[in-house]
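Colleague: Following this message is one structure expressed as structure tokens.
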Amino acid sequence: MDFQSLYEYVNNFYYGEYESDEDFVQWLYEDDRFNIPNWVVIDWSATARSIMFDYFESSGHYFRS
């Protein structure tokens with residue numbers, strides 16, 4: 001596997017750097033693709049605990065499993 005292929009592979013799973021699971025999940029859900037109305041109140045801690053089964057964190061960097 002050449003460097004470009006490896007870079008593209010990793011980039012498909014990388015979601016960025018965040019201070020906490022809650023910050024990551026809030027960013028993920030506030031993305032327009034979910035279209036959550038602004039009047040909906042979300043418990044970000046509980047949501048992070050649930051969604052982190054599908055993602056992992058390494059030194060503040062988040063990846064899809």
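Identifiers in the structure tokens: chain A, B, ... in order shown; residue index from 1 per chain; ligand index from 1 in order shown.
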Which neighbours of A:Ser45 fall inside 9 Å, counting only C-alpha atoms, when residues of the same chain fewer than 5 positions from it are skipped, and could you give them as a PyMOL selection string?

Modeller: chain A and resi 21-22+25+50

Colleague: The selected residues should be written to file as a compact mmCIF listing (two decimals), in the first residue's frame (atoms: C-alpha atoms).

Modeller:
# COMPACT_ATOMS: atom_id res chain seq x y z
CA ASP A 21 -16.31 12.51 23.88
CA GLU A 22 -19.18 14.92 24.52
CA VAL A 25 -20.60 13.75 19.69
CA SER A 50 -23.86 5.20 23.57

Colleague: Write down as a list of chain:residue names the residues of chain A whose backbone DSSP state falls under helix (DSSP H, G or I).

Modeller: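 Filtering chain A to helix (DSSP H, G or I) leaves A:Phe3, A:Gln4, A:Ser5, A:Leu6, A:Tyr7, A:Glu8, A:Tyr9, A:Val10, A:Asn11, A:Asn12, A:Phe13, A:Asp21, A:Glu22, A:Asp23, A:Phe24, A:Val25, A:Gln26, A:Trp27, A:Leu28, A:Tyr29, A:Glu30, A:Trp44, A:Ser45, A:Ala46, A:Thr47, A:Ala48, A:Arg49, A:Ser50, A:Ile51.
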
Colleague: Between atom CA of A:Trp44 and atom CA of A:Gln26, what is the spacing in Å?

Modeller: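 Rounded to one decimal, the two atoms are 6.6 Å apart.
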
Colleague: Taking the DSSP assignment computed from this structure's backbone, write out as a PyMOL selection string all residues of chain A that belong to strand (DSSP E or B).

Modeller: chain A and resi 14-17+55-58+61-64

Colleague: For each of A:Glu17, A:Asp31, A:Asp2, A:Glu8, take the minimum atom-to-atom distance to A:Phe63, counting only C-alpha atoms, then give the residue where this is smallest.

Modeller: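 Closest to A:Phe63, using only C-alpha atoms: A:Glu17.
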
Colleague: Do you know which residues are at most 12 Å from A:Val10 counting only C-alpha atoms, after dropping those on the same chain fewer than 6 positions away, and could you put them as a PDB file with C-alpha atoms, in the first residue's frame?

Modeller:
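File produced: selection.pdb:
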ATOM      1  CA  PHE A   3       1.412   6.446   1.151  1.00  0.00           C
ATOM      2  CA  GLN A   4      -1.457   8.084  -0.764  1.00  0.00           C
ATOM      3  CA  GLY A  16     -10.811  15.318  14.011  1.00  0.00           C
ATOM      4  CA  TYR A  62     -11.479  10.529  17.000  1.00  0.00           C
ATOM      5  CA  PHE A  63     -11.929   7.717  14.501  1.00  0.00           C
ATOM      6  CA  ARG A  64     -14.817   5.567  13.311  1.00  0.00           C
ATOM      7  CA  SER A  65     -14.334   1.901  14.322  1.00  0.00           C
TER       8      SER A  65
END
